[in-house]
Amino acid sequence: MCFNIFSLLLFNLIKKRLESCVCEKKVVTLRGELDICSFGDSKDIVIMARKVLLIFTGGTISMVRDAQTGALHPADLQTFKAFVPELFAGDVQVEMIPFEPLLDSSDLNPDNWRMMAHMVQDNYDAYDGFVILHGTDTMAYSASALSFMFENLCKPVVFTGSQLPVGVLRSDAKENLLTAIEIAAAYDADNHAIVPEVALYMDGELYRGNRATKRNAEHFSAFNSYNYPALAKAGVHITYNRPLIQPMGNIARPLHVFERFDTRVAILKLFPGITEEVVAAVLDVPNLRGVVLETFGAGNAPSHEWLYQRLHTAVERGVVIVNKTQCNTGSVTMGQYAVSLNLMKAGVISGYDITTEALLTKMMHVLGEHGDDMDKVKQLLSVSLCGEQTIVK
Ligand code: ASP
């Protein structure tokens, strides 16, 4: 009886506190840290416990230094957990599944992208969000690939890693990991995830996964998103830029995973003095299906007749060629200069402001799914599938 009265009092107290929250955008997070919502003095209200699954693929973040040899090696789960006790002390319930063995991201390939996507799909209903711990070297490729693989995604999938191993004193691992978890667990009062897309978090900034590029092998700020603003910034509070975040998929439909990739693709980077032999060596690869052509400036190329002929012949043979500028920032604008007219004439299509990582994985994805219909492949490469490029007409 005494307990019941106490429970009732407590319930009314919590209810009153909740009602007193002034929340213009109805956003409630575990620690009340969304700047887009004013909670008055009720910043610490925990509405609901969230569950996040950590998918552990490897990379520097998973490494510890061997006390005897001094060498870095992947930690087992118990050792890793011991380095981040905070993981299990917060409001979010965290569970982990590892790749076996843990891998350096240079060793990852489309089979591993499928494994990651299926780990999300198989656990989709049981968790509110997913964090993928991954080496930074090819993280932008994996994040791009997964963004194209999911259909009807309504929950956050956040990639993160670190530049220093978790077992090193000055490591950036903890901050990246704990903030990524917080982002994966952030939901609004309507029970909708704040970031229902594939994203990448590193050093205070959250990027759309298919817009991110690794830019620095040294600094903690290893990534940038040159052509799309950050989705969120983490300082004292995590501030989300909600209008920039992809809307969630169709919640009434199950998460679908597109898992076919065609790896018969190549990247051809032009340079002043490039010879016909080099171009031919790439374009004449047997069974080639797609080429990312890295061009100068606004999508320009040397105006040699042989280059036009080689590209044209490849396109006629059924190879899809997409123009990607070598510049980090800005877009391909074919036709702006005379030196890009030949590319248009040869049937090369514009990649606009897409990253190389996103273009390559998108090409593998659309060729894998629609390779028997080249018109469809070209059409899909000319539009934005999930926010990976800005189409300028
Ligand atoms: N070589 C490592 C990897 O990509 C580097 C890192 O994690 O930062 O797996």
# chains A, B, ... in the order shown; residues from 1 in each chain; ligands from 1
call {"tool": "closest_atom_pairs", "arguments": {"of": "chain A", "to": "ligand 1", "cutoff": "7 Å", "atoms": "only C-alpha atoms and all ligand atoms", "output": "CSV"}}
result
residue,atom,partner,partner_atom_place_in_ligand_line,distance
A:Gly58,CA,ligand 1,9 (O),6.4
A:Gly59,CA,ligand 1,9 (O),3.3
A:Thr60,CA,ligand 1,7 (O),3.7
A:Ile61,CA,ligand 1,7 (O),6.0
A:Leu103,CA,ligand 1,9 (O),6.7
A:Asp104,CA,ligand 1,9 (O),3.5
A:Ser105,CA,ligand 1,9 (O),3.8
A:Ser106,CA,ligand 1,4 (O),5.8
A:His134,CA,ligand 1,7 (O),6.5
A:Gly135,CA,ligand 1,7 (O),3.1
A:Thr136,CA,ligand 1,8 (O),4.0
A:Asp137,CA,ligand 1,4 (O),3.7
A:Thr138,CA,ligand 1,4 (O),5.9
A:Gly161,CA,ligand 1,7 (O),6.2
A:Ser162,CA,ligand 1,8 (O),5.6
A:Gln163,CA,ligand 1,8 (O),4.8
call {"tool": "write_last_selection", "arguments": {"atoms": "N, CA and C atoms", "output": "PDB file, in the first residue's frame"}}
result
ATOM      1  N   GLY A  58      36.693  -3.999 -36.803  1.00  0.00           N
ATOM      2  CA  GLY A  58      38.151  -3.952 -36.633  1.00  0.00           C
ATOM      3  C   GLY A  58      38.673  -2.544 -36.801  1.00  0.00           C
ATOM      4  N   GLY A  59      39.874  -2.402 -37.355  1.00  0.00           N
ATOM      5  CA  GLY A  59      40.486  -1.085 -37.521  1.00  0.00           C
ATOM      6  C   GLY A  59      41.256  -0.670 -36.280  1.00  0.00           C
ATOM      7  N   THR A  60      41.871   0.491 -36.363  1.00  0.00           N
ATOM      8  CA  THR A  60      42.707   0.993 -35.267  1.00  0.00           C
ATOM      9  C   THR A  60      41.950   1.061 -33.951  1.00  0.00           C
ATOM     10  N   ILE A  61      40.677   1.431 -34.018  1.00  0.00           N
ATOM     11  CA  ILE A  61      39.898   1.596 -32.787  1.00  0.00           C
ATOM     12  C   ILE A  61      39.886   0.325 -31.943  1.00  0.00           C
ATOM     13  N   LEU A 103      39.173  -7.035 -38.746  1.00  0.00           N
ATOM     14  CA  LEU A 103      39.951  -6.766 -39.957  1.00  0.00           C
ATOM     15  C   LEU A 103      40.420  -5.318 -40.037  1.00  0.00           C
ATOM     16  N   ASP A 104      41.588  -5.149 -40.627  1.00  0.00           N
ATOM     17  CA  ASP A 104      41.999  -3.814 -41.048  1.00  0.00           C
ATOM     18  C   ASP A 104      41.080  -3.451 -42.212  1.00  0.00           C
ATOM     19  N   SER A 105      40.660  -2.191 -42.292  1.00  0.00           N
ATOM     20  CA  SER A 105      39.646  -1.869 -43.305  1.00  0.00           C
ATOM     21  C   SER A 105      40.181  -1.986 -44.726  1.00  0.00           C
ATOM     22  N   SER A 106      41.506  -2.022 -44.896  1.00  0.00           N
ATOM     23  CA  SER A 106      42.051  -2.228 -46.249  1.00  0.00           C
ATOM     24  C   SER A 106      41.704  -3.624 -46.765  1.00  0.00           C
ATOM     25  N   HIS A 134      34.872   0.659 -37.297  1.00  0.00           N
ATOM     26  CA  HIS A 134      35.457   0.350 -38.597  1.00  0.00           C
ATOM     27  C   HIS A 134      36.776   1.100 -38.715  1.00  0.00           C
ATOM     28  N   GLY A 135      37.747   0.519 -39.394  1.00  0.00           N
ATOM     29  CA  GLY A 135      38.975   1.248 -39.699  1.00  0.00           C
ATOM     30  C   GLY A 135      38.654   2.470 -40.538  1.00  0.00           C
ATOM     31  N   THR A 136      39.451   3.514 -40.369  1.00  0.00           N
ATOM     32  CA  THR A 136      39.104   4.762 -41.065  1.00  0.00           C
ATOM     33  C   THR A 136      39.483   4.733 -42.550  1.00  0.00           C
ATOM     34  N   ASP A 137      40.461   3.869 -42.914  1.00  0.00           N
ATOM     35  CA  ASP A 137      40.993   3.954 -44.286  1.00  0.00           C
ATOM     36  C   ASP A 137      39.922   3.776 -45.358  1.00  0.00           C
ATOM     37  N   THR A 138      39.053   2.807 -45.205  1.00  0.00           N
ATOM     38  CA  THR A 138      38.030   2.589 -46.243  1.00  0.00           C
ATOM     39  C   THR A 138      36.614   2.794 -45.685  1.00  0.00           C
ATOM     40  N   GLY A 161      35.296   5.303 -35.970  1.00  0.00           N
ATOM     41  CA  GLY A 161      36.573   4.620 -35.744  1.00  0.00           C
ATOM     42  C   GLY A 161      37.459   5.578 -34.987  1.00  0.00           C
ATOM     43  N   SER A 162      38.761   5.379 -35.078  1.00  0.00           N
ATOM     44  CA  SER A 162      39.643   6.333 -34.406  1.00  0.00           C
ATOM     45  C   SER A 162      41.001   6.340 -35.073  1.00  0.00           C
ATOM     46  N   GLN A 163      41.749   7.384 -34.807  1.00  0.00           N
ATOM     47  CA  GLN A 163      43.096   7.505 -35.374  1.00  0.00           C
ATOM     48  C   GLN A 163      44.137   6.875 -34.452  1.00  0.00           C
TER      49      GLN A 163
END
call {"tool": "residues_around", "arguments": {"residues": "Pro110 in chain A", "least_positions_apart": "4", "cutoff": "10 Å", "atoms": "only C-alpha atoms", "output": "list of chain:residue names"}}
result
A:Arg114, A:Met115, A:Met116, A:Tyr141, A:Ser142, A:Ala145, A:Leu146, A:Glu259, A:Arg260, A:Phe261, A:Asp262, A:Thr263, A:Thr361, A:Met364, A:His365
call {"tool": "select_by_dssp", "arguments": {"residues": "range 233-287 of chain A", "states": "strand (DSSP E or B)", "output": "list of chain:residue names"}}
result
A:Lys233, A:Ala234, A:Ile238, A:Thr239, A:Tyr240, A:His256, A:Val257, A:Val265, A:Ala266, A:Ile267, A:Leu268, A:Lys269
call {"tool": "atom_distance", "arguments": {"atom1": "CA of Lys174 in chain A", "atom2": "CA of His118 in chain A"}}
result
26.0 Å
call {"tool": "residues_around", "arguments": {"residues": "Val92 in chain A", "least_positions_apart": "5", "cutoff": "8 Å", "atoms": "only C-alpha atoms", "output": "short mmCIF file (atom, residue, chain, number, x, y, z; two decimals) with N, CA and C atoms, in the first residue's frame"}}
result
data_model
loop_
_atom_site.label_atom_id
_atom_site.label_comp_id
_atom_site.auth_asym_id
_atom_site.auth_seq_id
_atom_site.Cartn_x
_atom_site.Cartn_y
_atom_site.Cartn_z
N LEU A 30 18.02 10.90 -24.75
CA LEU A 30 18.32 10.25 -23.49
C LEU A 30 18.86 11.22 -22.45
N ALA A 49 14.59 3.79 -22.21
CA ALA A 49 15.92 3.22 -22.42
C ALA A 49 16.04 2.77 -23.86
N ARG A 50 17.13 3.08 -24.48
CA ARG A 50 17.35 2.70 -25.88
C ARG A 50 18.41 1.62 -25.97
N LYS A 51 18.31 0.85 -27.03
CA LYS A 51 19.28 -0.24 -27.23
C LYS A 51 20.06 0.01 -28.52
N VAL A 52 21.36 -0.09 -28.41
CA VAL A 52 22.21 0.12 -29.59
C VAL A 52 23.09 -1.11 -29.79
N ILE A 181 27.34 6.43 -30.25
CA ILE A 181 26.26 5.69 -29.59
C ILE A 181 25.12 6.63 -29.23
N GLU A 182 25.49 7.78 -28.71
CA GLU A 182 24.45 8.75 -28.33
C GLU A 182 23.62 9.16 -29.56
N ALA A 185 21.24 6.54 -30.62
CA ALA A 185 20.13 6.34 -29.67
C ALA A 185 19.19 7.54 -29.59
#
call {"tool": "atom_distance", "arguments": {"atom1": "CA of Asp203 in chain A", "atom2": "CA of Leu178 in chain A"}}
result
11.4 Å
call {"tool": "closest_residue", "arguments": {"among": "A:Arg289, A:Arg211, A:Lys362, A:Arg65", "to": "Pro165 in chain A", "atoms": "only C-alpha atoms"}}
result
A:Arg65
call {"tool": "atom_distance", "arguments": {"atom1": "CA of Thr329 in chain A", "atom2": "CA of Asp353 in chain A"}}
result
7.4 Å
call {"tool": "select_by_dssp", "arguments": {"residues": "range 167-356 of chain A", "states": "alpha helix (DSSP H)", "output": "PyMOL selection string"}}
result
chain A and resi 173-184+276-283+305-316+341-346+356
call {"tool": "write_last_selection", "arguments": {"atoms": "C-alpha atoms", "output": "PDB file, in the first residue's frame"}}
result
ATOM      1  CA  ALA A 173      38.431   6.250 -29.599  1.00  0.00           C
ATOM      2  CA  LYS A 174      36.293   6.868 -26.526  1.00  0.00           C
ATOM      3  CA  GLU A 175      34.857  10.193 -27.604  1.00  0.00           C
ATOM      4  CA  ASN A 176      34.074   8.939 -31.098  1.00  0.00           C
ATOM      5  CA  LEU A 177      32.484   5.765 -29.813  1.00  0.00           C
ATOM      6  CA  LEU A 178      30.408   7.273 -27.007  1.00  0.00           C
ATOM      7  CA  THR A 179      29.127  10.135 -29.174  1.00  0.00           C
ATOM      8  CA  ALA A 180      28.295   7.770 -32.039  1.00  0.00           C
ATOM      9  CA  ILE A 181      26.261   5.688 -29.594  1.00  0.00           C
ATOM     10  CA  GLU A 182      24.449   8.746 -28.332  1.00  0.00           C
ATOM     11  CA  ILE A 183      23.585   9.724 -31.913  1.00  0.00           C
ATOM     12  CA  ALA A 184      22.407   6.197 -32.729  1.00  0.00           C
ATOM     13  CA  GLU A 276      46.921   6.365 -75.093  1.00  0.00           C
ATOM     14  CA  GLU A 277      48.498   3.105 -73.859  1.00  0.00           C
ATOM     15  CA  VAL A 278      47.523   3.837 -70.263  1.00  0.00           C
ATOM     16  CA  VAL A 279      43.948   4.776 -71.191  1.00  0.00           C
ATOM     17  CA  ALA A 280      43.668   1.717 -73.439  1.00  0.00           C
ATOM     18  CA  ALA A 281      45.047  -0.561 -70.707  1.00  0.00           C
ATOM     19  CA  VAL A 282      42.145   0.437 -68.447  1.00  0.00           C
ATOM     20  CA  LEU A 283      39.329   0.720 -70.990  1.00  0.00           C
ATOM     21  CA  GLU A 305      41.066  12.748 -80.726  1.00  0.00           C
ATOM     22  CA  TRP A 306      42.386   9.346 -79.500  1.00  0.00           C
ATOM     23  CA  LEU A 307      40.921   9.935 -76.036  1.00  0.00           C
ATOM     24  CA  TYR A 308      37.511  10.691 -77.512  1.00  0.00           C
ATOM     25  CA  GLN A 309      37.729   7.597 -79.755  1.00  0.00           C
ATOM     26  CA  ARG A 310      38.767   5.305 -76.876  1.00  0.00           C
ATOM     27  CA  LEU A 311      35.973   6.543 -74.605  1.00  0.00           C
ATOM     28  CA  HIS A 312      33.386   6.420 -77.368  1.00  0.00           C
ATOM     29  CA  THR A 313      34.346   2.843 -78.305  1.00  0.00           C
ATOM     30  CA  ALA A 314      34.125   1.751 -74.657  1.00  0.00           C
ATOM     31  CA  VAL A 315      30.671   3.344 -74.257  1.00  0.00           C
ATOM     32  CA  GLU A 316      29.528   1.662 -77.496  1.00  0.00           C
ATOM     33  CA  LEU A 341      32.538  18.631 -75.060  1.00  0.00           C
ATOM     34  CA  ASN A 342      34.297  15.507 -76.349  1.00  0.00           C
ATOM     35  CA  LEU A 343      33.358  13.662 -73.161  1.00  0.00           C
ATOM     36  CA  MET A 344      29.699  14.516 -73.692  1.00  0.00           C
ATOM     37  CA  LYS A 345      29.936  13.478 -77.346  1.00  0.00           C
ATOM     38  CA  ALA A 346      31.506  10.152 -76.303  1.00  0.00           C
ATOM     39  CA  THR A 356      34.866   8.891 -55.650  1.00  0.00           C
TER      40      THR A 356
END
call {"tool": "residues_around", "arguments": {"residues": "Leu244 in chain A", "least_positions_apart": "5", "cutoff": "12 Å", "atoms": "only C-alpha atoms", "output": "number ranges by chain"}}
result
A: 194-197, 206-208, 228-232, 387
call {"tool": "write_last_selection", "arguments": {"atoms": "C-alpha atoms", "output": "PDB file, in the first residue's frame"}}
result
ATOM      1  CA  ILE A 194      16.762  11.811 -35.328  1.00  0.00           C
ATOM      2  CA  VAL A 195      19.245  10.428 -37.903  1.00  0.00           C
ATOM      3  CA  PRO A 196      17.496   7.620 -39.810  1.00  0.00           C
ATOM      4  CA  GLU A 197      20.276   7.214 -42.362  1.00  0.00           C
ATOM      5  CA  LEU A 206      28.494  13.778 -38.136  1.00  0.00           C
ATOM      6  CA  TYR A 207      28.431  13.427 -41.920  1.00  0.00           C
ATOM      7  CA  ARG A 208      26.145  11.681 -44.361  1.00  0.00           C
ATOM      8  CA  TYR A 228      27.350  18.663 -48.042  1.00  0.00           C
ATOM      9  CA  PRO A 229      27.223  20.280 -44.595  1.00  0.00           C
ATOM     10  CA  ALA A 230      27.596  18.251 -41.391  1.00  0.00           C
ATOM     11  CA  LEU A 231      24.361  16.629 -40.209  1.00  0.00           C
ATOM     12  CA  ALA A 232      25.309  17.300 -36.597  1.00  0.00           C
ATOM     13  CA  GLY A 387      21.493  12.154 -51.013  1.00  0.00           C
TER      14      GLY A 387
END
call {"tool": "closest_residue", "arguments": {"among": "A:His370, A:Phe83, A:Thr355, A:Val292", "to": "Glu388 in chain A", "atoms": "only C-alpha atoms"}}
result
A:Thr355
call {"tool": "closest_residue", "arguments": {"among": "A:Ile349, A:Ile267, A:Leu367, A:Leu359", "to": "Gln389 in chain A", "atoms": "only C-alpha atoms"}}
result
A:Leu359
call {"tool": "residues_around", "arguments": {"residues": "Leu102 in chain A", "least_positions_apart": "5", "cutoff": "12 Å", "atoms": "only C-alpha atoms", "output": "list in words"}}
result
Ile55, Phe56, Thr57, Gly58, Gly59, Thr60, Ile61, Ser62, Met63, His73, Pro74, Ala75, Asp76, Leu77, Ile97, Asp107, Leu108, Asn112, Leu133, His134 and Gly135 of chain A
call {"tool": "write_last_selection", "arguments": {"atoms": "C-alpha atoms", "output": "mmCIF file, in the first residue's frame"}}
result
data_model
loop_
_atom_site.group_PDB
_atom_site.id
_atom_site.type_symbol
_atom_site.label_atom_id
_atom_site.label_comp_id
_atom_site.auth_asym_id
_atom_site.auth_seq_id
_atom_site.Cartn_x
_atom_site.Cartn_y
_atom_site.Cartn_z
ATOM 1 C CA ILE A 55 29.052 -4.036 -34.927
ATOM 2 C CA PHE A 56 32.754 -4.423 -34.459
ATOM 3 C CA THR A 57 34.631 -4.900 -37.758
ATOM 4 C CA GLY A 58 38.151 -3.952 -36.633
ATOM 5 C CA GLY A 59 40.486 -1.085 -37.521
ATOM 6 C CA THR A 60 42.707 0.993 -35.267
ATOM 7 C CA ILE A 61 39.898 1.596 -32.787
ATOM 8 C CA SER A 62 39.887 -2.083 -31.858
ATOM 9 C CA MET A 63 43.604 -2.266 -31.140
ATOM 10 C CA HIS A 73 47.076 -5.897 -32.290
ATOM 11 C CA PRO A 74 43.272 -6.288 -32.330
ATOM 12 C CA ALA A 75 41.850 -6.618 -28.826
ATOM 13 C CA ASP A 76 39.428 -9.347 -27.881
ATOM 14 C CA LEU A 77 35.999 -8.105 -26.809
ATOM 15 C CA ILE A 97 28.869 -8.386 -32.155
ATOM 16 C CA ASP A 107 41.047 -5.898 -46.288
ATOM 17 C CA LEU A 108 37.302 -5.242 -46.507
ATOM 18 C CA ASN A 112 32.079 -7.617 -45.793
ATOM 19 C CA LEU A 133 33.215 0.300 -35.570
ATOM 20 C CA HIS A 134 35.457 0.350 -38.597
ATOM 21 C CA GLY A 135 38.975 1.248 -39.699
#
call {"tool": "closest_residue", "arguments": {"among": "A:Asn123, A:Gln336, A:Thr79, A:Gln68", "to": "Leu53 in chain A", "atoms": "only C-alpha atoms"}}
result
A:Asn123
